[in-house]
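Asker: Input file: query34.txt. Contents: compact mmCIF, C-alpha atoms and all ligand atoms.
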# COMPACT_ATOMS: atom_id res chain seq x y z
CA MET H 1308 39.10 5.32 -8.28
CA SER H 1309 35.72 4.70 -6.62
CA ARG H 1310 33.23 7.28 -5.33
CA GLY H 1311 31.88 4.76 -2.80
CA THR H 1312 29.88 1.53 -2.65
CA VAL H 1313 26.16 1.11 -3.39
CA LEU H 1314 24.08 -1.89 -2.32
CA ILE H 1315 21.12 -2.51 -4.67
CA THR H 1316 18.46 -5.15 -3.99
CA GLY H 1317 16.51 -6.53 -6.96
CA ALA H 1318 19.32 -5.69 -9.41
CA SER H 1319 18.71 -8.62 -11.78
CA SER H 1320 16.13 -6.78 -13.92
CA GLY H 1321 14.08 -3.61 -14.42
CA ILE H 1322 14.68 -0.53 -12.30
CA GLY H 1323 17.31 -2.24 -10.11
CA GLU H 1324 19.41 -3.28 -13.10
CA ALA H 1325 19.19 0.26 -14.52
CA LEU H 1326 20.24 1.66 -11.12
CA ALA H 1327 23.25 -0.67 -11.10
CA ARG H 1328 24.30 0.58 -14.55
CA LYS H 1329 23.78 4.24 -13.59
CA PHE H 1330 25.75 4.07 -10.32
CA HIS H 1331 28.51 2.06 -12.06
CA ASP H 1332 28.74 4.68 -14.81
CA GLU H 1333 28.94 7.39 -12.14
CA GLY H 1334 31.99 5.65 -10.61
CA PHE H 1335 30.52 3.64 -7.72
CA ASP H 1336 31.41 0.08 -6.70
CA LEU H 1337 28.38 -2.19 -6.37
CA VAL H 1338 26.99 -4.93 -4.17
CA ILE H 1339 24.03 -6.40 -6.08
CA THR H 1340 21.51 -8.99 -4.97
CA ALA H 1341 18.45 -10.93 -6.23
CA ARG H 1342 17.46 -14.57 -6.67
CA ARG H 1343 18.64 -14.90 -10.31
CA THR H 1344 22.40 -14.89 -9.75
CA ASP H 1345 23.03 -15.86 -13.40
CA LYS H 1346 21.60 -12.47 -14.40
CA LEU H 1347 23.64 -10.69 -11.72
CA GLU H 1348 26.84 -12.45 -12.88
CA ALA H 1349 26.12 -11.44 -16.51
CA LEU H 1350 25.65 -7.83 -15.35
CA LYS H 1351 28.87 -7.99 -13.33
CA ALA H 1352 30.76 -9.20 -16.43
CA GLU H 1353 29.50 -6.13 -18.32
CA LEU H 1354 30.19 -3.59 -15.58
CA SER H 1355 33.93 -4.05 -15.46
CA ARG H 1356 35.11 -0.53 -14.63
CA GLN H 1357 34.24 -0.80 -10.91
CA ASP H 1358 34.22 -3.58 -8.30
CA VAL H 1359 30.96 -5.56 -8.36
CA THR H 1360 30.04 -8.10 -5.65
CA VAL H 1361 27.17 -10.52 -6.29
CA ILE H 1362 25.16 -12.00 -3.42
CA GLY H 1363 22.25 -14.36 -4.11
CA SER H 1364 19.20 -13.85 -1.89
CA ASP H 1365 15.55 -14.68 -1.49
CA LEU H 1366 14.21 -11.80 0.58
CA ALA H 1367 10.62 -13.04 0.69
CA SER H 1368 11.05 -14.88 4.01
CA ASN H 1369 12.54 -14.01 7.39
CA ALA H 1370 15.08 -16.82 7.06
CA GLY H 1371 16.14 -15.53 3.62
CA ILE H 1372 16.52 -11.97 4.94
CA SER H 1373 18.65 -13.20 7.90
CA ALA H 1374 20.87 -15.26 5.57
CA PHE H 1375 21.35 -12.25 3.29
CA ILE H 1376 22.26 -9.88 6.13
CA GLU H 1377 24.74 -12.42 7.46
CA GLU H 1378 26.41 -12.83 4.07
CA LEU H 1379 26.45 -9.07 3.61
CA SER H 1380 28.01 -8.29 6.99
CA PRO H 1381 31.69 -8.44 5.87
CA HIS H 1382 30.87 -5.72 3.30
CA ALA H 1383 28.55 -3.67 5.52
CA ASN H 1384 31.03 -1.06 6.73
CA THR H 1385 32.01 -0.20 3.15
CA VAL H 1386 28.45 0.47 1.95
CA ASP H 1387 27.74 4.21 1.54
CA ILE H 1388 24.37 4.00 -0.20
CA VAL H 1389 21.66 1.34 0.25
CA ILE H 1390 18.89 1.04 -2.34
CA ASN H 1391 15.97 -1.13 -1.24
CA ASN H 1392 14.51 -1.72 -4.69
CA ALA H 1393 13.39 -5.40 -4.73
CA GLY H 1394 9.61 -5.65 -4.78
CA MET H 1395 6.77 -7.78 -6.08
CA MET H 1396 3.12 -7.48 -7.02
CA VAL H 1397 0.81 -10.49 -7.20
CA GLU H 1398 -1.90 -10.22 -9.88
CA GLY H 1399 -5.49 -11.18 -9.15
CA ASN H 1400 -8.44 -10.48 -6.89
CA PHE H 1401 -7.68 -9.75 -3.25
CA THR H 1402 -10.00 -12.54 -2.07
CA GLU H 1403 -8.17 -15.06 -4.24
CA LEU H 1404 -4.67 -14.34 -2.95
CA SER H 1405 -3.06 -17.37 -1.31
CA ASP H 1406 -1.51 -17.27 2.16
CA ASP H 1407 1.86 -17.62 0.45
CA ASP H 1408 1.18 -14.64 -1.88
CA ILE H 1409 0.35 -12.46 1.12
CA THR H 1410 3.30 -13.60 3.24
CA ARG H 1411 5.87 -13.26 0.45
CA THR H 1412 4.60 -9.85 -0.69
CA ILE H 1413 4.69 -8.42 2.83
CA SER H 1414 8.03 -10.05 3.55
CA LEU H 1415 9.72 -8.68 0.41
CA ASN H 1416 8.06 -5.27 0.12
CA ILE H 1417 7.97 -4.46 3.85
CA THR H 1418 9.97 -6.76 6.15
CA ALA H 1419 13.14 -7.08 4.05
CA LEU H 1420 13.21 -3.33 3.36
CA THR H 1421 12.66 -2.55 7.06
CA ARG H 1422 15.28 -4.98 8.36
CA ILE H 1423 17.90 -3.89 5.80
CA THR H 1424 17.13 -0.24 6.59
CA ARG H 1425 17.45 -0.83 10.34
CA TYR H 1426 20.73 -2.69 9.87
CA PHE H 1427 22.32 0.07 7.79
CA ALA H 1428 20.76 3.00 9.67
CA GLY H 1429 22.65 1.79 12.77
CA GLU H 1430 25.90 1.24 10.82
CA MET H 1431 25.68 4.61 9.09
CA LYS H 1432 24.68 6.50 12.24
CA SER H 1433 27.81 5.30 14.01
CA ARG H 1434 29.89 6.48 11.00
CA GLY H 1435 28.04 9.82 10.85
CA HIS H 1436 27.14 9.54 7.16
CA GLY H 1437 25.21 7.42 4.65
CA ARG H 1438 22.25 7.40 2.31
CA ILE H 1439 19.27 5.03 2.21
CA VAL H 1440 16.86 4.87 -0.72
CA ASN H 1441 13.56 3.02 -0.59
CA VAL H 1442 11.69 2.38 -3.83
CA ALA H 1443 7.99 3.00 -3.15
CA SER H 1444 5.54 3.93 -5.95
CA VAL H 1445 2.95 6.56 -6.89
CA ALA H 1446 0.59 3.88 -5.52
CA ALA H 1447 1.92 4.84 -2.06
CA PHE H 1448 -0.03 8.11 -1.99
CA HIS H 1449 -3.59 6.78 -2.18
CA PRO H 1450 -5.42 3.44 -2.15
CA VAL H 1451 -5.44 1.61 -5.48
CA PRO H 1452 -8.45 -0.73 -5.80
CA GLY H 1453 -7.32 -3.80 -7.72
CA MET H 1454 -3.72 -3.44 -6.47
CA ASP H 1455 -4.88 -3.35 -2.84
CA LEU H 1456 -2.08 -5.25 -1.09
CA TYR H 1457 0.70 -3.88 -3.30
CA ALA H 1458 -0.39 -0.25 -2.84
CA ALA H 1459 -0.72 -0.76 0.93
CA THR H 1460 2.87 -2.09 1.12
CA LYS H 1461 4.10 0.94 -0.80
CA ALA H 1462 2.19 3.31 1.54
CA PHE H 1463 4.15 1.66 4.36
CA VAL H 1464 7.44 2.27 2.50
CA LEU H 1465 6.64 5.96 1.97
CA SER H 1466 5.55 6.49 5.58
CA LEU H 1467 8.60 4.73 7.05
CA SER H 1468 10.98 6.60 4.75
CA GLU H 1469 9.53 10.05 5.51
CA SER H 1470 9.56 9.40 9.22
CA LEU H 1471 13.14 8.06 9.24
CA ALA H 1472 14.32 10.95 7.07
CA GLU H 1473 13.44 13.29 9.96
CA ASN H 1474 14.47 10.86 12.69
CA LEU H 1475 17.99 10.41 11.24
CA ARG H 1476 18.52 13.89 9.77
CA ALA H 1477 20.91 15.13 12.49
CA SER H 1478 23.01 11.95 12.29
CA GLY H 1479 24.19 12.57 8.71
CA VAL H 1480 22.08 9.73 7.28
CA SER H 1481 19.57 10.68 4.57
CA VAL H 1482 16.52 8.62 3.63
CA THR H 1483 14.89 9.05 0.22
CA ALA H 1484 11.63 7.52 -1.01
CA VAL H 1485 11.55 7.18 -4.80
CA CYS H 1486 7.99 6.85 -6.11
CA PRO H 1487 7.90 5.79 -9.78
CA GLY H 1488 4.72 5.65 -11.82
CA LEU H 1489 4.17 2.98 -14.46
CA THR H 1490 7.59 1.92 -15.71
CA LYS H 1491 8.29 -0.57 -18.47
CA THR H 1492 9.65 -3.65 -16.61
CA GLU H 1493 8.83 -7.34 -16.10
CA MET H 1494 6.44 -6.29 -13.32
CA VAL H 1495 4.11 -4.45 -15.67
CA ASP H 1496 1.66 -6.25 -17.94
CA GLN H 1497 3.29 -6.01 -21.39
CA GLY H 1498 -0.11 -5.88 -23.15
CA LEU H 1499 -1.09 -2.88 -21.03
CA ALA H 1500 2.30 -1.25 -21.66
CA ALA H 1501 1.77 -1.48 -25.43
CA THR H 1502 -1.61 0.29 -25.26
CA LEU H 1503 -0.51 3.31 -23.21
CA PRO H 1504 0.79 6.54 -24.73
CA PRO H 1505 4.55 6.90 -24.14
CA PHE H 1506 4.18 9.88 -21.74
CA MET H 1507 2.30 7.60 -19.29
CA MET H 1508 5.10 5.02 -19.12
CA SER H 1509 8.59 5.79 -17.82
CA THR H 1510 11.70 3.98 -18.94
CA VAL H 1511 13.98 2.36 -16.36
CA GLU H 1512 16.78 4.70 -17.45
CA GLU H 1513 14.64 7.77 -16.61
CA VAL H 1514 13.80 6.35 -13.18
CA ALA H 1515 17.45 5.49 -12.51
CA ARG H 1516 18.61 8.97 -13.56
CA GLU H 1517 16.07 10.71 -11.31
CA THR H 1518 16.86 8.35 -8.43
CA PHE H 1519 20.56 9.14 -8.73
CA ASP H 1520 19.88 12.91 -8.62
CA ALA H 1521 17.49 12.55 -5.67
CA VAL H 1522 20.01 10.50 -3.66
CA MET H 1523 22.90 12.83 -4.34
CA ASN H 1524 20.72 15.83 -3.33
CA ARG H 1525 19.48 13.95 -0.23
CA GLU H 1526 15.84 14.61 -1.22
CA VAL H 1527 13.16 12.98 0.96
CA ILE H 1528 10.62 12.20 -1.80
CA ARG H 1529 11.17 12.02 -5.56
CA VAL H 1530 8.39 11.24 -8.03
CA PRO H 1531 10.11 10.59 -11.39
CA GLY H 1532 8.48 12.06 -14.51
CA PRO H 1533 6.41 15.22 -15.05
CA ALA H 1534 3.21 13.29 -15.93
CA ASN H 1535 3.32 11.45 -12.58
CA GLN H 1536 4.05 14.69 -10.70
CA ILE H 1537 1.06 16.45 -12.32
CA ALA H 1538 -1.30 13.52 -11.66
CA LEU H 1539 -0.22 13.30 -8.02
CA THR H 1540 -0.49 17.05 -7.45
CA TRP H 1541 -4.02 16.94 -8.90
CA ALA H 1542 -4.99 13.97 -6.72
CA GLN H 1543 -3.59 15.57 -3.58
CA HIS H 1544 -5.95 18.54 -4.07
CA GLN H 1545 -9.08 16.40 -4.45
CA PRO H 1546 -11.25 14.93 -1.70
CA ARG H 1547 -10.03 11.46 -0.74
CA TRP H 1548 -13.43 9.86 -1.57
CA LEU H 1549 -13.15 11.11 -5.18
CA VAL H 1550 -9.64 9.73 -5.78
CA ARG H 1551 -10.64 6.43 -4.14
CA GLY H 1552 -13.84 6.27 -6.22
CA LEU H 1553 -12.04 7.00 -9.49
CA GLY H 1554 -9.56 4.23 -8.65
CA GLY H 1555 -12.46 1.84 -8.06
CA LEU H 1556 -14.04 2.81 -11.41
CA ALA H 1557 -10.75 2.26 -13.23
CA ALA H 1558 -10.34 -1.15 -11.56
CA ARG H 1559 -13.87 -2.25 -12.59
CA PHE H 1560 -13.35 -0.91 -16.12
CA SER H 1561 -10.02 -2.78 -16.55
CA LYS H 1562 -11.67 -6.10 -15.52
CA ASN H 1563 -14.36 -5.82 -18.23
N1 LIG U 1601 7.47 -1.18 -12.90
C1 LIG U 1601 6.67 -0.29 -12.34
O1 LIG U 1601 5.71 0.22 -12.99
C2 LIG U 1601 6.91 0.17 -10.94
C3 LIG U 1601 6.23 1.33 -10.50
C4 LIG U 1601 6.44 1.77 -9.21
C5 LIG U 1601 7.31 1.10 -8.37
N2 LIG U 1601 7.95 -0.01 -8.81
C6 LIG U 1601 8.85 -0.69 -7.87
O2 LIG U 1601 10.16 -0.77 -8.43
C7 LIG U 1601 10.87 -1.86 -7.84
C8 LIG U 1601 11.52 -2.68 -8.94
O3 LIG U 1601 10.51 -3.29 -9.72
P1 LIG U 1601 10.62 -3.46 -11.32
O4 LIG U 1601 9.47 -2.76 -11.92
O5 LIG U 1601 12.00 -3.12 -11.76
O6 LIG U 1601 10.29 -5.01 -11.45
P2 LIG U 1601 11.18 -6.28 -11.85
O7 LIG U 1601 11.87 -6.07 -13.13
O8 LIG U 1601 10.24 -7.43 -11.69
O9 LIG U 1601 12.29 -6.32 -10.69
C9 LIG U 1601 12.05 -6.81 -9.41
C10 LIG U 1601 13.40 -7.16 -8.81
O10 LIG U 1601 13.16 -7.68 -7.48
C11 LIG U 1601 13.80 -8.93 -7.38
N3 LIG U 1601 13.06 -9.85 -6.52
C12 LIG U 1601 11.79 -10.31 -6.71
N4 LIG U 1601 11.48 -11.20 -5.77
C13 LIG U 1601 12.58 -11.31 -4.97
C14 LIG U 1601 12.87 -12.09 -3.83
N5 LIG U 1601 11.99 -12.96 -3.32
N6 LIG U 1601 14.09 -11.95 -3.24
C15 LIG U 1601 15.01 -11.10 -3.76
N7 LIG U 1601 14.79 -10.33 -4.83
C16 LIG U 1601 13.59 -10.44 -5.43
C17 LIG U 1601 13.85 -9.49 -8.80
O11 LIG U 1601 14.94 -10.39 -8.94
P3 LIG U 1601 14.84 -11.99 -8.97
O12 LIG U 1601 13.56 -12.36 -9.65
O13 LIG U 1601 16.07 -12.39 -9.69
O14 LIG U 1601 14.88 -12.39 -7.53
C18 LIG U 1601 14.11 -8.23 -9.60
O15 LIG U 1601 15.50 -7.96 -9.65
C19 LIG U 1601 9.83 -2.64 -7.02
O16 LIG U 1601 9.94 -2.30 -5.64
C20 LIG U 1601 8.50 -2.14 -7.56
O17 LIG U 1601 7.45 -2.25 -6.63
C21 LIG U 1601 7.78 -0.49 -10.08
What would you get if you wrote out this structure as structure tokens?
Ligand SMILES: NC(=O)c1ccc[n+]([C@@H]2O[C@H](COP(=O)([O-])OP(=O)(O)OC[C@H]3O[C@@H](n4cnc5c(N)ncnc54)[C@H](OP(=O)(O)O)[C@@H]3O)[C@@H](O)[C@H]2O)c1
Answerer:
Amino acid sequence: MSRGTVLITGASSGIGEALARKFHDEGFDLVITARRTDKLEALKAELSRQDVTVIGSDLASNAGISAFIEELSPHANTVDIVINNAGMMVEGNFTELSDDDITRTISLNITALTRITRYFAGEMKSRGHGRIVNVASVAAFHPVPGMDLYAATKAFVLSLSESLAENLRASGVSVTAVCPGLTKTEMVDQGLAATLPPFMMSTVEEVARETFDAVMNREVIRVPGPANQIALTWAQHQPRWLVRGLGGLAARFSKN
């Protein structure tokens, strides 16, 4: 017996993989996607209690997004929850980013999420129900010198999600922005992870658990973890120049 079907992008590792396990354990069928289909197939073999469909995709180009949406279309009317989780962050100075780094980051973090959201918002509106989850970041709330492009893409995700949450409210479709802080995954520098006290670093299981609760409660914004909530509340009550300046100091300090 299934409670519904969840589409999760970026399910081959990290937060997306943990989300797949959580929703499977809660009785949902899954449609999972990423580039590394070997990892998705291995996950599917483990998650045998519910139906799992694997679709390979490279969402960092318009052509890749179109191909994914086309392959997804036979399953689209069965999807109850969409989780736009796939994301990337390119390391290095802003001035040294290549054209390809910029195009792929914006395509994956912004364009793919927006096109998949538009596709399902229409589907779900006509059905009168559905839930969309967009994985942003605490970096969405203020500029982060040193992670300039990444933080700007996440600010886009938060803004779009909040606006659509209101826009679609009466249609029975909820939109939730999940904004994790530092979380131990492939995306995070493992050397940095080892130096931080545990309360500053979430586990993927914690993020998945909080995301599940937020989706089921149709919350608009969820910041997983008390330490992240306290830090954000503090920052939101400071002048913007101070938060920006402290971010700049931290970026200069981490380069030395
Ligand atoms: N870790 C953190 O501290 C943190 C904090 C805040 C927010 N987040 C956000 O959480 C989300 C998940 O990140 P994570 O930390 O779990 O990192 P991760 O382990 O690197 O996972 C990223 C996922 O995105 C997929 N992906 C990457 N490029 C792709 C592409 N071109 N096409 C399709 N899928 C692609 C990856 O799969 P393949 O490589 O197999 O394609 C992988 O499944 C991201 O949106 C990230 O920005 C992370």
Asker: Let me make sure I understand: among H:Ile1362, H:Val1442, H:Ile1315, H:Ala1419, which one has the smallest atom-to-atom distance to ligand LIG 1601 (chain U) if we use all atoms listed in the file?
Answerer: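 Among the listed residues, H:Val1442 lies closest to ligand LIG 1601 (chain U).
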Asker: Check which residues of segment 1326-1406 of chain H sit at most 9 Å from segment 1435-1438 of chain H using all atoms listed in the file, and return one row each with the closest pair of atoms and their distance in Å to one decimal, ordered by chain and rising number, as CSV.
Answerer:
residue,atom,partner,partner_atom,distance
H:Val1386,CA,H:Gly1437,CA,8.1
H:Asp1387,CA,H:Gly1437,CA,5.1
H:Ile1388,CA,H:Arg1438,CA,4.7
H:Val1389,CA,H:Arg1438,CA,6.4
H:Ile1390,CA,H:Arg1438,CA,8.6
Asker: Quick check, in Å to one decimal: how far apart do atom CA of Gly1453 of chain H and atom CA of Gly1552 of chain H lie?
Answerer: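 Separation of atom CA of Gly1453 of chain H and atom CA of Gly1552 of chain H: 12.1 Å.
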Asker: Around ligand LIG 1601 (chain U), fit a box with edges along x, y and z, padding it by 6 Å on each side, then list its centre and edge lengths in Å to one decimal as JSON.
Answerer:
{"center_x": 10.9, "center_y": -5.6, "center_z": -8.2, "size_x": 22.4, "size_y": 26.7, "size_z": 21.9}
Asker: Counting only C-alpha atoms and all ligand atoms, figure out which residue out of H:Asp1336, H:Asp1520, H:Asp1345, H:Asp1365 gets nearest to ligand LIG 1601 (chain U).
Answerer: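 For ligand LIG 1601 (chain U), the nearest of the given residues is H:Asp1365.
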Asker: Any residue with an atom at most 6 Å from ligand LIG 1601 (chain U) counts, using only C-alpha atoms and all ligand atoms. Which are they? Put them as a ChimeraX atom specification.
Answerer: /H:1317-1323,1341-1343,1364-1367,1392-1395,1442-1444,1487-1495
Asker: So how far away is atom CA of Gly1554 of chain H from atom CA of Val1482 of chain H, in Å?
Answerer: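 Atom-to-atom, atom CA of Val1482 of chain H to atom CA of Gly1554 of chain H, that is 29.2 Å.
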Asker: Nearest to Arg1422 of chain H: which of H:Ile1376, H:Glu1473, H:Val1397, H:Ala1459 is it, counting all atoms listed in the file?
Answerer: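 Among the listed residues, H:Ile1376 lies closest to Arg1422 of chain H.
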Asker: Taking 3 positions as the minimum chain separation for residues in the same chain, which residues sit within 8 Å of Phe1463 of chain H when counting all atoms listed in the file? Answer as number ranges by chain.
Answerer: H: 1417, 1447, 1459-1460, 1466-1467
Asker: Work out how far atom CA of Thr1510 of chain H is from atom CA of Thr1312 of chain H, in Å to one decimal.
Answerer: 24.5 Å
Asker: Please complete segment 1356-1368 of chain H with N, CA and C atoms and give it back as a tab-separated table (two decimals), in the coordinates of the input.
Answerer:
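And here's rebuild35.tsv as it stands now:
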chain	number	residue	atom	x	y	z
H	1356	ARG	N	34.26	-1.65	-15.03
H	1356	ARG	CA	35.11	-0.53	-14.63
H	1356	ARG	C	35.23	-0.38	-13.12
H	1357	GLN	N	34.23	-0.91	-12.37
H	1357	GLN	CA	34.24	-0.80	-10.91
H	1357	GLN	C	34.12	-2.19	-10.30
H	1358	ASP	N	34.39	-2.30	-8.99
H	1358	ASP	CA	34.22	-3.58	-8.30
H	1358	ASP	C	32.73	-3.90	-8.18
H	1359	VAL	N	32.36	-5.14	-8.51
H	1359	VAL	CA	30.96	-5.56	-8.36
H	1359	VAL	C	30.94	-6.88	-7.56
H	1360	THR	N	30.19	-6.88	-6.46
H	1360	THR	CA	30.04	-8.10	-5.65
H	1360	THR	C	28.61	-8.61	-5.81
H	1361	VAL	N	28.49	-9.90	-6.11
H	1361	VAL	CA	27.17	-10.52	-6.29
H	1361	VAL	C	26.83	-11.37	-5.07
H	1362	ILE	N	25.64	-11.15	-4.52
H	1362	ILE	CA	25.16	-12.00	-3.42
H	1362	ILE	C	23.76	-12.50	-3.79
H	1363	GLY	N	23.58	-13.81	-3.83
H	1363	GLY	CA	22.25	-14.36	-4.11
H	1363	GLY	C	21.38	-14.24	-2.87
H	1364	SER	N	20.09	-13.94	-3.06
H	1364	SER	CA	19.20	-13.85	-1.89
H	1364	SER	C	17.76	-14.12	-2.29
H	1365	ASP	N	17.00	-14.68	-1.35
H	1365	ASP	CA	15.55	-14.68	-1.49
H	1365	ASP	C	15.01	-13.93	-0.28
H	1366	LEU	N	14.58	-12.70	-0.52
H	1366	LEU	CA	14.21	-11.80	0.58
H	1366	LEU	C	12.73	-11.90	0.95
H	1367	ALA	N	12.05	-12.92	0.42
H	1367	ALA	CA	10.62	-13.04	0.69
H	1367	ALA	C	10.32	-13.94	1.89
H	1368	SER	N	11.31	-14.15	2.75
H	1368	SER	CA	11.05	-14.88	4.01
H	1368	SER	C	12.03	-14.35	5.05
